[in-house]
Amino acid sequence: MNNNRREFLKKGLLGVSAAALIPGVTKGSPVTAAATASQADLPARVLGRTGIKAPLISLGAGGTITPGFVKGAYNAGIKLFFSATYYGEGNNEIIVGEALKDFPRDSFVVATAAPCNEHDNRTGLLSDKFNARAYLEKAEGSLRRFGLEQIDIILFPFASKKETVCNEEILRTMEQLKESGKVRFTGIASHGGIEETLIAAASTGIYDVAMISYNFKSQNKEALDDAIAKAVASGMGIVAMKTTAGAFRNKSGPGINSDAALKWVLQNANISTIVSGMTTVEQMQKNLAMIKNLKMTEEEIADLENALAFSETGLYCQQCGECLPQCPARLDIPTIMRGYMYAYGYRNLLQARNTLEASGLPSVPCADCESCSVKCNSGFDVRGKIQDIARLTKVPEEFLLT
């Protein structure tokens, strides 16, 4: 393990500055102090210029299949709920809306990710046929499914190129969404090319929030932290996702120390909140207990060091995209690898299947290649993983919901 990484992990023992934490939600914030007494117990940070005071853990509802779990999260003090138009073909937004409909509207924050049809996830580029009207209609569809008059945050997902983030039509559409009152704040979500897209998004002055992959396995950490700091200085709020780097070292375990992984992320005071795809009460209780003491122990540091040693057989794809030009079949390998991680790391088979469908994975992948020419920077057996996860596309959807 390299000494620079060891030294960085050691810094976790110092904890974070108390000034970076807000012990509750104060009067006048978009989420009011009157909402619930339990929220006063959860440490929080301000989400950039939105002014939202967010508990350090938010709910990524992609794996949620009942309104009851969302209600339980709300009652436990969680107040930010992230969905997406492509989760369950919009049904996830319905579940979140149903769960929150009886609570005061100013006591929770709803965010959703809405891609546009003209965006090529493989290249990260936008075609010149972008349809602003169709994108506005997507937002209206989310409003109907949530049962709300206004979405708090809408994110443009899979942002990986500055040309797309700074596209004039996209920017104009984001402004229209805010001016119409349908959306309060706009942002991006990025799995790859994060440094480039963060700096580009910050330069526009249009995006208020960025949701980014950020974990102890993140490469080029100095450049990444610098980009995050610049975005925060511009007024953007930063939400971290993929924070446990796949949850397992490989598909059969052993698991990563999730407390250590999440604490590592929150050592960076520029991260306002972690969006966690919790699906059980036990996970929720564990995470809420963790955020009340962010100081990392020697044992937690050691656990992350051990997890890093397994990077070559891990589940977390860095989404660097260097595999793309190597594949003669032009497979969207980074997206397929995300599907693999959702299935084996987060045990979310439905999200894994939806991700694979979005990748355009053929029914019999890699059939035309006798051997794989792709050399992965993380040492993945790319062909083996693709052929393994491709089986999921043949499983009837009803079996994935059980």
# chains A, B, ... in the order shown; residues from 1 in each chain; ligands from 1
call {"tool": "residues_around", "arguments": {"residues": "region 144-155 of chain A", "least_positions_apart": "2", "cutoff": "7 Å", "atoms": "only C-alpha atoms", "output": "list in words"}}
result
Glu93, Ile94, Val96, Gly97, Val109, Val110, Ala111, Thr112, Ala113, Ala114, Glu140, Gly141, Ser142, Pro157, Gly181, Lys182, Val183, Arg184, Phe185, Thr186, Gly187, Ile188 and Ala189 of chain A
call {"tool": "select_by_dssp", "arguments": {"residues": "region 40-164 of chain A", "states": "strand (DSSP E)", "output": "JSON, numbers by chain"}}
result
{"A": [44, 45, 46, 53, 54, 55, 57, 58, 59, 60, 80, 81, 82, 83, 84, 109, 110, 111, 112, 113, 119, 120, 125, 126, 151, 152, 153, 154, 155, 156]}
call {"tool": "residues_around", "arguments": {"residues": "Asn377 (chain A)", "least_positions_apart": "2", "cutoff": "10 Å", "atoms": "only C-alpha atoms", "output": "ChimeraX atom specification"}}
result
/A:312,317-318,320-323,374-375,379-380
call {"tool": "write_last_selection", "arguments": {"atoms": "all heavy atoms", "output": "PDB file, in the first residue's frame"}}
result
ATOM      1  N   GLU A 312      -7.855  -5.486  -7.142  1.00  0.00           N
ATOM      2  CA  GLU A 312      -7.824  -6.180  -8.422  1.00  0.00           C
ATOM      3  C   GLU A 312      -8.982  -7.167  -8.570  1.00  0.00           C
ATOM      4  O   GLU A 312      -9.317  -7.578  -9.677  1.00  0.00           O
ATOM      5  CB  GLU A 312      -6.480  -6.908  -8.614  1.00  0.00           C
ATOM      6  CG  GLU A 312      -6.272  -8.139  -7.743  1.00  0.00           C
ATOM      7  CD  GLU A 312      -5.851  -7.805  -6.317  1.00  0.00           C
ATOM      8  OE1 GLU A 312      -5.743  -6.610  -5.991  1.00  0.00           O
ATOM      9  OE2 GLU A 312      -5.628  -8.746  -5.531  1.00  0.00           O
ATOM     10  N   CYS A 317     -15.940  -0.261 -10.256  1.00  0.00           N
ATOM     11  CA  CYS A 317     -15.347   0.229 -11.504  1.00  0.00           C
ATOM     12  C   CYS A 317     -15.112   1.724 -11.379  1.00  0.00           C
ATOM     13  O   CYS A 317     -16.018   2.467 -10.990  1.00  0.00           O
ATOM     14  CB  CYS A 317     -16.283  -0.074 -12.667  1.00  0.00           C
ATOM     15  SG  CYS A 317     -15.819   0.703 -14.232  1.00  0.00           S
ATOM     16  N   GLN A 318     -13.911   2.173 -11.725  1.00  0.00           N
ATOM     17  CA  GLN A 318     -13.574   3.592 -11.599  1.00  0.00           C
ATOM     18  C   GLN A 318     -14.254   4.453 -12.664  1.00  0.00           C
ATOM     19  O   GLN A 318     -14.192   5.676 -12.607  1.00  0.00           O
ATOM     20  CB  GLN A 318     -12.053   3.778 -11.689  1.00  0.00           C
ATOM     21  CG  GLN A 318     -11.271   3.132 -10.554  1.00  0.00           C
ATOM     22  CD  GLN A 318     -11.377   3.896  -9.244  1.00  0.00           C
ATOM     23  OE1 GLN A 318     -11.736   5.072  -9.231  1.00  0.00           O
ATOM     24  NE2 GLN A 318     -11.055   3.235  -8.144  1.00  0.00           N
ATOM     25  N   CYS A 320     -13.401   5.054 -15.609  1.00  0.00           N
ATOM     26  CA  CYS A 320     -12.407   5.895 -16.290  1.00  0.00           C
ATOM     27  C   CYS A 320     -12.649   5.934 -17.799  1.00  0.00           C
ATOM     28  O   CYS A 320     -12.201   6.862 -18.477  1.00  0.00           O
ATOM     29  CB  CYS A 320     -10.998   5.396 -15.991  1.00  0.00           C
ATOM     30  SG  CYS A 320     -10.624   3.747 -16.653  1.00  0.00           S
ATOM     31  N   GLY A 321     -13.319   4.918 -18.331  1.00  0.00           N
ATOM     32  CA  GLY A 321     -13.644   4.895 -19.748  1.00  0.00           C
ATOM     33  C   GLY A 321     -12.523   4.449 -20.664  1.00  0.00           C
ATOM     34  O   GLY A 321     -12.699   4.417 -21.892  1.00  0.00           O
ATOM     35  N   GLU A 322     -11.369   4.078 -20.123  1.00  0.00           N
ATOM     36  CA  GLU A 322     -10.245   3.690 -20.974  1.00  0.00           C
ATOM     37  C   GLU A 322     -10.466   2.350 -21.658  1.00  0.00           C
ATOM     38  O   GLU A 322      -9.768   2.000 -22.608  1.00  0.00           O
ATOM     39  CB  GLU A 322      -8.952   3.689 -20.157  1.00  0.00           C
ATOM     40  CG  GLU A 322      -8.552   5.089 -19.700  1.00  0.00           C
ATOM     41  CD  GLU A 322      -7.140   5.155 -19.140  1.00  0.00           C
ATOM     42  OE1 GLU A 322      -6.356   4.215 -19.421  1.00  0.00           O
ATOM     43  OE2 GLU A 322      -6.831   6.132 -18.445  1.00  0.00           O
ATOM     44  N   CYS A 323     -11.455   1.606 -21.190  1.00  0.00           N
ATOM     45  CA  CYS A 323     -11.786   0.330 -21.826  1.00  0.00           C
ATOM     46  C   CYS A 323     -12.566   0.518 -23.126  1.00  0.00           C
ATOM     47  O   CYS A 323     -12.541  -0.345 -24.008  1.00  0.00           O
ATOM     48  CB  CYS A 323     -12.614  -0.530 -20.855  1.00  0.00           C
ATOM     49  SG  CYS A 323     -14.096   0.307 -20.227  1.00  0.00           S
ATOM     50  N   VAL A 374      -9.469  -6.280 -24.009  1.00  0.00           N
ATOM     51  CA  VAL A 374      -9.595  -5.134 -23.100  1.00  0.00           C
ATOM     52  C   VAL A 374      -8.724  -5.352 -21.869  1.00  0.00           C
ATOM     53  O   VAL A 374      -8.824  -6.369 -21.182  1.00  0.00           O
ATOM     54  CB  VAL A 374     -11.060  -4.919 -22.674  1.00  0.00           C
ATOM     55  CG1 VAL A 374     -11.156  -3.793 -21.657  1.00  0.00           C
ATOM     56  CG2 VAL A 374     -11.919  -4.628 -23.892  1.00  0.00           C
ATOM     57  N   LYS A 375      -7.883  -4.384 -21.590  1.00  0.00           N
ATOM     58  CA  LYS A 375      -7.047  -4.392 -20.390  1.00  0.00           C
ATOM     59  C   LYS A 375      -7.590  -3.347 -19.422  1.00  0.00           C
ATOM     60  O   LYS A 375      -7.510  -2.147 -19.672  1.00  0.00           O
ATOM     61  CB  LYS A 375      -5.584  -4.087 -20.743  1.00  0.00           C
ATOM     62  CG  LYS A 375      -4.983  -5.034 -21.776  1.00  0.00           C
ATOM     63  CD  LYS A 375      -4.987  -6.480 -21.298  1.00  0.00           C
ATOM     64  CE  LYS A 375      -4.357  -7.400 -22.334  1.00  0.00           C
ATOM     65  NZ  LYS A 375      -4.466  -8.825 -21.940  1.00  0.00           N
ATOM     66  N   GLY A 379      -7.736  -4.194 -13.183  1.00  0.00           N
ATOM     67  CA  GLY A 379      -7.425  -5.621 -13.240  1.00  0.00           C
ATOM     68  C   GLY A 379      -8.638  -6.518 -13.368  1.00  0.00           C
ATOM     69  O   GLY A 379      -8.549  -7.727 -13.123  1.00  0.00           O
ATOM     70  N   PHE A 380      -9.790  -5.968 -13.761  1.00  0.00           N
ATOM     71  CA  PHE A 380     -10.994  -6.779 -13.905  1.00  0.00           C
ATOM     72  C   PHE A 380     -10.856  -7.787 -15.046  1.00  0.00           C
ATOM     73  O   PHE A 380     -10.265  -7.500 -16.084  1.00  0.00           O
ATOM     74  CB  PHE A 380     -12.207  -5.897 -14.227  1.00  0.00           C
ATOM     75  CG  PHE A 380     -12.735  -5.101 -13.060  1.00  0.00           C
ATOM     76  CD1 PHE A 380     -12.159  -5.177 -11.810  1.00  0.00           C
ATOM     77  CD2 PHE A 380     -13.826  -4.269 -13.235  1.00  0.00           C
ATOM     78  CE1 PHE A 380     -12.649  -4.449 -10.747  1.00  0.00           C
ATOM     79  CE2 PHE A 380     -14.336  -3.528 -12.184  1.00  0.00           C
ATOM     80  CZ  PHE A 380     -13.743  -3.613 -10.932  1.00  0.00           C
TER      81      PHE A 380
END
call {"tool": "closest_atom_pairs", "arguments": {"of": "region 291-393 of chain A", "to": "region 50-58 of chain A", "cutoff": "12 Å", "atoms": "only C-alpha atoms", "output": "CSV"}}
result
residue,atom,partner,partner_atom,distance
A:Ile291,CA,A:Leu56,CA,6.6
A:Lys292,CA,A:Leu56,CA,9.2
A:Asn293,CA,A:Leu56,CA,11.3
A:Leu294,CA,A:Leu56,CA,10.4
call {"tool": "select_by_dssp", "arguments": {"residues": "region 184-262 of chain A", "states": "helix (DSSP H, G or I)", "output": "list of chain:residue names"}}
result
A:Ile194, A:Glu195, A:Glu196, A:Thr197, A:Leu198, A:Ile199, A:Ala200, A:Ala201, A:Ala202, A:Ser203, A:Thr204, A:Lys221, A:Glu222, A:Ala223, A:Leu224, A:Asp225, A:Asp226, A:Ala227, A:Ile228, A:Ala229, A:Lys230, A:Ala231, A:Val232, A:Ala233, A:Ser258, A:Asp259, A:Ala260, A:Ala261, A:Leu262
call {"tool": "closest_residue", "arguments": {"among": "A:Ala210, A:Ala307, A:Ala240, A:Ile386", "to": "Thr335 (chain A)", "atoms": "only C-alpha atoms"}}
result
A:Ile386
call {"tool": "residues_around", "arguments": {"residues": "Glu397 (chain A)", "least_positions_apart": "5", "cutoff": "10 Å", "atoms": "only C-alpha atoms", "output": "MDAnalysis selection string"}}
result
chainID A and resid 349:350 353:354 392 402
call {"tool": "closest_residue", "arguments": {"among": "A:Ile336, A:Val364, A:Ala358, A:Leu42", "to": "Lys385 (chain A)", "atoms": "only C-alpha atoms"}}
result
A:Ile336
call {"tool": "residues_around", "arguments": {"residues": "Cys372 (chain A)", "least_positions_apart": "2", "cutoff": "10 Å", "atoms": "only C-alpha atoms", "output": "list in words"}}
result
Gln326, Cys327, Pro328, Cys366, Cys369, Glu370, Val374, Lys375, Asp381, Val382, Arg383 and Gly384 of chain A
call {"tool": "write_last_selection", "arguments": {"atoms": "C-alpha atoms", "output": "short mmCIF file (atom, residue, chain, number, x, y, z; two decimals), in the first residue's frame"}}
result
data_model
loop_
_atom_site.label_atom_id
_atom_site.label_comp_id
_atom_site.auth_asym_id
_atom_site.auth_seq_id
_atom_site.Cartn_x
_atom_site.Cartn_y
_atom_site.Cartn_z
CA GLN A 326 -10.33 -1.16 -26.69
CA CYS A 327 -13.55 -3.12 -27.21
CA PRO A 328 -14.10 -4.12 -30.87
CA CYS A 366 -18.59 -11.33 -26.43
CA CYS A 369 -14.29 -12.61 -29.72
CA GLU A 370 -12.17 -15.66 -29.00
CA VAL A 374 -9.60 -5.13 -23.10
CA LYS A 375 -7.05 -4.39 -20.39
CA ASP A 381 -11.65 -9.90 -15.94
CA VAL A 382 -13.89 -7.84 -18.21
CA ARG A 383 -15.14 -10.65 -20.42
CA GLY A 384 -15.79 -12.94 -17.47
#
